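Asker: Pasting data_20.csv here (CSV, C-alpha atoms):
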chain,number,residue,atom,x,y,z
X,442,ASP,CA,30.9,-5.8,2.1
X,443,THR,CA,28.9,-5.4,-1.1
X,444,GLY,CA,26.7,-2.6,0.2
X,445,VAL,CA,22.9,-2.3,0.2
X,446,SER,CA,21.3,-3.4,-3.1
X,447,GLN,CA,17.9,-2.3,-4.4
X,448,ASN,CA,16.0,-3.6,-7.4
X,449,PRO,CA,14.7,-2.4,-9.7
X,450,ARG,CA,16.5,1.0,-10.0
X,451,HIS,CA,13.6,2.4,-11.9
X,452,LYS,CA,9.9,1.5,-12.2
X,453,ILE,CA,7.4,3.1,-14.4
X,454,THR,CA,3.8,1.9,-14.0
X,455,LYS,CA,0.3,3.0,-14.7
X,456,ARG,CA,-1.9,4.4,-11.9
X,457,GLY,CA,-3.8,1.6,-10.2
X,458,GLN,CA,-1.2,-1.1,-10.7
X,459,ASN,CA,0.7,-2.9,-8.0
X,460,VAL,CA,4.4,-2.6,-7.7
X,461,THR,CA,7.0,-4.4,-5.5
X,462,PHE,CA,10.5,-3.4,-4.7
X,463,ARG,CA,13.3,-5.5,-3.2
X,464,CYS,CA,16.1,-4.5,-0.9
X,465,ASP,CA,19.1,-6.7,0.0
X,466,PRO,CA,20.9,-5.3,3.1
X,467,ILE,CA,24.5,-5.6,4.0
X,468,SER,CA,24.7,-9.3,5.0
X,469,GLU,CA,25.5,-9.0,8.7
X,470,HIS,CA,23.1,-6.1,9.4
X,471,ASN,CA,20.1,-6.9,11.5
X,472,ARG,CA,18.2,-3.7,11.0
X,473,LEU,CA,16.6,-2.6,7.7
X,474,TYR,CA,14.8,0.6,7.0
X,475,TRP,CA,12.6,2.0,4.3
X,476,TYR,CA,12.5,5.7,3.4
X,477,ARG,CA,10.7,7.7,0.8
X,478,GLN,CA,12.2,10.8,-0.9
X,479,THR,CA,10.2,13.2,-3.1
X,480,LEU,CA,11.7,15.7,-5.4
X,481,GLY,CA,13.5,18.5,-3.5
X,482,GLN,CA,13.0,16.9,-0.1
X,483,GLY,CA,15.0,14.9,2.3
X,484,PRO,CA,14.1,11.2,2.9
X,485,GLU,CA,11.2,10.4,5.1
X,486,PHE,CA,11.0,7.4,7.4
X,487,LEU,CA,8.5,4.7,6.4
X,488,THR,CA,9.2,1.6,8.4
X,489,TYR,CA,11.9,-0.6,9.9
X,490,PHE,CA,12.7,-4.2,10.8
X,491,GLN,CA,14.9,-5.8,13.3
X,492,ASN,CA,15.6,-9.2,11.9
X,493,GLU,CA,12.2,-10.3,10.6
X,494,ALA,CA,10.1,-8.2,13.0
X,495,GLN,CA,8.6,-5.0,11.8
X,496,LEU,CA,9.0,-2.7,14.8
X,497,GLU,CA,7.6,0.6,13.6
X,498,LYS,CA,5.5,2.0,10.8
X,499,SER,CA,5.1,5.7,9.9
X,500,ARG,CA,1.8,7.4,9.4
X,501,LEU,CA,3.0,7.9,5.9
X,502,LEU,CA,2.6,4.2,5.3
X,503,SER,CA,-1.0,3.9,4.2
X,504,ASP,CA,-2.9,0.6,4.0
X,505,ARG,CA,-1.9,0.3,0.4
X,506,PHE,CA,1.7,-0.1,1.5
X,507,SER,CA,3.1,-3.4,3.0
X,508,ALA,CA,6.6,-4.4,3.8
X,509,GLU,CA,8.0,-7.7,4.7
X,510,ARG,CA,11.3,-9.2,5.7
X,511,PRO,CA,10.4,-12.9,6.0
X,512,LYS,CA,13.7,-14.5,6.8
X,513,GLY,CA,15.5,-11.5,8.4
X,514,SER,CA,17.5,-11.0,5.2
X,515,PHE,CA,16.1,-9.2,2.2
X,516,SER,CA,13.0,-7.1,2.3
X,517,THR,CA,10.2,-6.2,-0.1
X,518,LEU,CA,8.0,-3.1,-0.2
X,519,GLU,CA,4.7,-3.5,-2.1
X,520,ILE,CA,2.4,-0.7,-3.1
X,521,GLN,CA,-1.1,-1.6,-4.2
X,522,ARG,CA,-3.3,0.4,-6.4
X,523,THR,CA,-0.6,3.0,-7.0
X,524,GLU,CA,-1.5,6.7,-7.1
X,525,GLN,CA,0.2,9.7,-8.6
X,526,GLY,CA,1.4,10.8,-5.2
X,527,ASP,CA,3.3,7.6,-4.8
X,528,SER,CA,5.9,8.8,-7.4
X,529,ALA,CA,9.1,9.1,-5.4
X,530,MET,CA,12.5,7.6,-4.7
X,531,TYR,CA,12.2,4.7,-2.3
X,532,LEU,CA,15.4,4.2,-0.3
X,533,CYS,CA,16.5,1.2,1.7
X,534,ALA,CA,19.1,1.4,4.5
X,535,SER,CA,20.6,-1.2,6.9
X,536,SER,CA,22.6,-1.1,10.1
X,537,GLN,CA,23.9,-3.4,12.7
X,538,VAL,CA,22.5,-2.8,16.2
X,539,GLY,CA,23.8,-4.4,19.3
X,540,THR,CA,27.5,-3.7,19.3
X,541,GLY,CA,27.5,0.0,19.8
X,542,ASN,CA,25.9,2.7,17.7
X,543,GLN,CA,26.2,2.1,14.0
X,544,PRO,CA,25.0,4.4,11.2
X,545,GLN,CA,22.6,3.4,8.5
X,546,HIS,CA,24.0,2.6,5.1
X,547,PHE,CA,21.8,3.4,2.1
X,548,GLY,CA,21.2,1.7,-1.2
X,549,ASP,CA,20.9,3.7,-4.5
X,550,GLY,CA,17.1,3.6,-4.3
X,551,THR,CA,14.2,2.6,-6.6
X,552,ARG,CA,12.7,5.5,-8.5
X,553,LEU,CA,9.0,5.0,-9.0
X,554,SER,CA,7.1,7.0,-11.7
X,555,ILE,CA,3.3,6.7,-12.0
X,556,LEU,CA,1.8,7.5,-15.3
Z,1347,ALA,CA,9.1,15.5,17.8
Z,1348,GLN,CA,12.6,15.8,16.4
Z,1349,SER,CA,13.3,18.0,13.5
Z,1350,VAL,CA,16.2,19.3,11.3
Z,1351,THR,CA,16.5,22.6,9.6
Z,1352,GLN,CA,18.9,23.3,6.8
Z,1353,PRO,CA,18.4,27.0,6.1
Z,1354,ASP,CA,20.3,27.2,2.9
Z,1355,ILE,CA,18.5,25.6,-0.1
Z,1356,HIS,CA,21.3,26.2,-2.5
Z,1357,ILE,CA,24.9,27.4,-2.1
Z,1358,THR,CA,27.5,28.2,-4.8
Z,1359,VAL,CA,31.2,28.1,-4.0
Z,1360,SER,CA,34.3,28.6,-6.1
Z,1361,GLU,CA,36.6,25.6,-6.4
Z,1362,GLY,CA,39.3,25.8,-3.7
Z,1363,ALA,CA,37.2,28.0,-1.5
Z,1364,SER,CA,36.1,27.0,2.0
Z,1365,LEU,CA,32.6,25.7,2.7
Z,1366,GLU,CA,30.2,25.7,5.6
Z,1367,LEU,CA,26.7,24.2,5.4
Z,1368,ARG,CA,24.4,24.9,8.3
Z,1369,CYS,CA,22.3,22.5,10.2
Z,1370,ASN,CA,20.1,23.1,13.3
Z,1371,TYR,CA,18.2,20.3,15.0
Z,1372,SER,CA,15.5,19.9,17.6
Z,1373,TYR,CA,15.7,16.9,19.9
Z,1374,GLY,CA,14.8,16.3,23.5
Z,1375,ALA,CA,18.0,14.5,24.6
Z,1376,THR,CA,21.5,14.1,23.4
Z,1377,PRO,CA,21.2,13.7,19.7
Z,1378,TYR,CA,22.8,11.3,17.2
Z,1379,LEU,CA,23.7,13.5,14.2
Z,1380,PHE,CA,24.7,12.7,10.7
Z,1381,TRP,CA,25.7,14.3,7.4
Z,1382,TYR,CA,25.0,12.4,4.2
Z,1383,VAL,CA,25.8,13.4,0.6
Z,1384,GLN,CA,23.7,12.4,-2.4
Z,1385,SER,CA,24.7,12.7,-6.1
Z,1386,PRO,CA,21.9,12.9,-8.7
Z,1387,GLY,CA,20.0,9.6,-9.0
Z,1388,GLN,CA,22.0,8.0,-6.3
Z,1389,GLY,CA,21.5,6.9,-2.7
Z,1390,LEU,CA,23.0,8.6,0.3
Z,1391,GLN,CA,26.6,8.3,1.4
Z,1392,LEU,CA,27.6,8.8,5.0
Z,1393,LEU,CA,30.1,11.6,5.4
Z,1394,LEU,CA,30.4,11.7,9.2
Z,1395,LYS,CA,28.5,11.0,12.4
Z,1396,TYR,CA,28.3,12.3,16.0
Z,1397,PHE,CA,27.2,10.0,18.8
Z,1398,SER,CA,29.2,11.3,21.8
Z,1399,GLY,CA,32.6,12.5,22.9
Z,1400,ASP,CA,34.7,15.0,20.9
Z,1401,THR,CA,32.4,17.6,19.5
Z,1402,LEU,CA,34.6,18.1,16.4
Z,1403,VAL,CA,34.0,15.1,14.1
Z,1404,GLN,CA,36.2,14.2,11.1
Z,1405,GLY,CA,34.6,12.5,8.1
Z,1406,ILE,CA,35.5,11.3,4.7
Z,1407,LYS,CA,36.6,13.4,1.7
Z,1408,GLY,CA,38.1,16.0,4.0
Z,1409,PHE,CA,34.8,17.1,5.7
Z,1410,GLU,CA,34.4,17.9,9.4
Z,1411,ALA,CA,31.5,19.0,11.5
Z,1412,GLU,CA,31.2,20.5,14.9
Z,1413,PHE,CA,28.4,19.8,17.4
Z,1414,LYS,CA,27.4,22.8,19.4
Z,1415,ARG,CA,24.8,21.9,22.0
Z,1416,SER,CA,24.2,25.5,23.1
Z,1417,GLN,CA,23.2,26.5,19.5
Z,1418,SER,CA,21.6,23.1,18.6
Z,1419,SER,CA,23.8,23.1,15.5
Z,1420,PHE,CA,25.9,20.6,13.6
Z,1421,ASN,CA,27.5,22.6,10.8
Z,1422,LEU,CA,29.5,20.9,8.1
Z,1423,ARG,CA,32.8,22.4,6.9
Z,1424,LYS,CA,35.5,21.8,4.4
Z,1425,PRO,CA,38.6,24.0,4.0
Z,1426,SER,CA,38.9,23.7,0.2
Z,1427,VAL,CA,36.2,22.3,-2.0
Z,1428,HIS,CA,36.7,20.3,-5.2
Z,1429,TRP,CA,34.5,20.2,-8.3
Z,1430,SER,CA,33.5,16.6,-7.3
Z,1431,ASP,CA,31.9,17.9,-4.1
Z,1432,ALA,CA,29.0,19.3,-6.1
Z,1433,ALA,CA,26.0,17.3,-4.7
Z,1434,GLU,CA,23.0,17.5,-2.3
Z,1435,TYR,CA,23.9,17.4,1.4
Z,1436,PHE,CA,21.6,16.2,4.1
Z,1437,CYS,CA,21.8,16.6,7.8
Z,1438,ALA,CA,19.9,14.1,9.9
Z,1439,VAL,CA,19.1,13.4,13.6
Z,1440,GLY,CA,18.7,9.9,14.8
Z,1441,ASP,CA,16.2,8.7,17.4
Z,1442,PHE,CA,17.6,7.0,20.5
Z,1443,GLY,CA,19.0,3.7,19.5
Z,1444,ASN,CA,19.3,5.0,16.0
Z,1445,GLU,CA,16.0,3.6,15.1
Z,1446,LYS,CA,15.0,6.2,12.5
Z,1447,LEU,CA,16.5,9.2,10.9
Z,1448,THR,CA,14.8,12.6,10.5
Z,1449,PHE,CA,16.4,14.5,7.6
Z,1450,GLY,CA,16.5,18.2,6.7
Z,1451,THR,CA,15.4,19.3,3.3
Z,1452,GLY,CA,19.0,19.4,2.0
Z,1453,THR,CA,21.4,21.9,0.7
Z,1454,ARG,CA,22.4,21.8,-3.0
Z,1455,LEU,CA,26.0,22.6,-3.5
Z,1456,THR,CA,27.3,24.0,-6.8
Z,1457,ILE,CA,31.0,24.5,-7.5
Z,1458,ILE,CA,32.1,27.1,-10.0
Z,1459,PRO,CA,35.6,27.1,-11.6
Show the structure stored in the file as structure tokens.

Answerer:
Amino acid sequence: DTGVSQNPRHKITKRGQNVTFRCDPISEHNRLYWYRQTLGQGPEFLTYFQNEAQLEKSRLLSDRFSAERPKGSFSTLEIQRTEQGDSAMYLCASSQVGTGNQPQHFGDGTRLSIL
Amino acid sequence: AQSVTQPDIHITVSEGASLELRCNYSYGATPYLFWYVQSPGQGLQLLLKYFSGDTLVQGIKGFEAEFKRSQSSFNLRKPSVHWSDAAEYFCAVGDFGNEKLTFGTGTRLTIIP
């Protein structure tokens, strides 16, 4: 069990640029979640996958955001035409569903700073 | 919609003293409840969880929490804090099937010698 891995840890970019983050979940976990955390707040749900299917998206996920999990393993979160308000910590979590209730395990996050 | 309230933004405790962090939730059915801890610049680590059964839940690092349905509360306790417990603590409620978590705004814990 190597834990949830997120890359990069930090990303600094200019407003208007596109960015992509990657999340590698715990290998046997079939669910993968994305959350966003702004300074002084708790994480907020963005979206989640079961295997490769994206099952729910929050209203927070504007059209500029897209997430994929093409093979049911790693996931990417892309933000197009970044804005100042996108500055946040983006957290990924995974869990195994189907054999009883299991909690979500979080990665260390990707901190995005928009200049 | 489900929600979580952590009324204490910041708590300062002396090392060796007892600790209680408050959490109140709003959820239409039997909730799944969690406490996570976050150190600066890090992700969230699960301290403990409540799904059903015994309302007093034991977690890692000597933490425990008690689910009180009548008060819609899930307070976190530790009998004697250590300097390494200084961090941000988040209470969360999980949707049925643990599909998504709704977090409180967190309580920052400072430990003084």

Asker: Hey, can you pull every residue with an atom no more than 12 Å from (15.6, 11.6, 26.6), using all atoms listed in the file, and send it as a list in words?

Answerer: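 Final list of nearby residues, as requested, is Ala1347, Gln1348, Tyr1373, Gly1374, Ala1375, Thr1376, Pro1377, Tyr1378, Asp1441, Phe1442 and Gly1443 of chain Z.
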
Asker: Go ahead and compute the interatomic distance for atom CA of Asp1400 of chain Z and atom CA of Ile1357 of chain Z, in Å to one decimal.

Answerer: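 Those two atoms sit 27.9 Å apart.
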
Asker: Provide as a ChimeraX atom specification the residues of chain Z at most 7 Å from chain X, counting only C-alpha atoms.

Answerer: /Z:1388-1391,1436,1446-1452

Asker: So what do you get for atom CA of Gly1408 of chain Z versus atom CA of Leu1394 of chain Z, distance-wise?

Answerer: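 Taking atom CA of Gly1408 of chain Z as the start and atom CA of Leu1394 of chain Z as the end point, the length is 10.2 Å.
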
Asker: Within 10 Å of (23.5, 27.1, 0.9) (file coordinates; only C-alpha atoms), which protein or nucleic acid residues are there? I'd like them as JSON, numbers by chain.

Answerer: {"Z": [1352, 1353, 1354, 1355, 1356, 1357, 1358, 1359, 1365, 1366, 1367, 1368, 1435, 1452, 1453, 1454, 1455, 1456]}

Asker: Tell me, in Å to one decimal, how far atom CA of Gly444 of chain X is from atom CA of His470 of chain X.

Answerer: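 So the answer is 10.5 Å.
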
Asker: So which residues touch Arg463 of chain X within 8 Å, counting all atoms listed in the file, skipping near sequence neighbours fewer than 6 positions away, as a list of chain:residue names?

Answerer: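 Listing them by chain and then by number gives X:Gln447, X:Asn448, X:Pro449, X:Phe515, X:Ser516, X:Thr517, X:Leu518.
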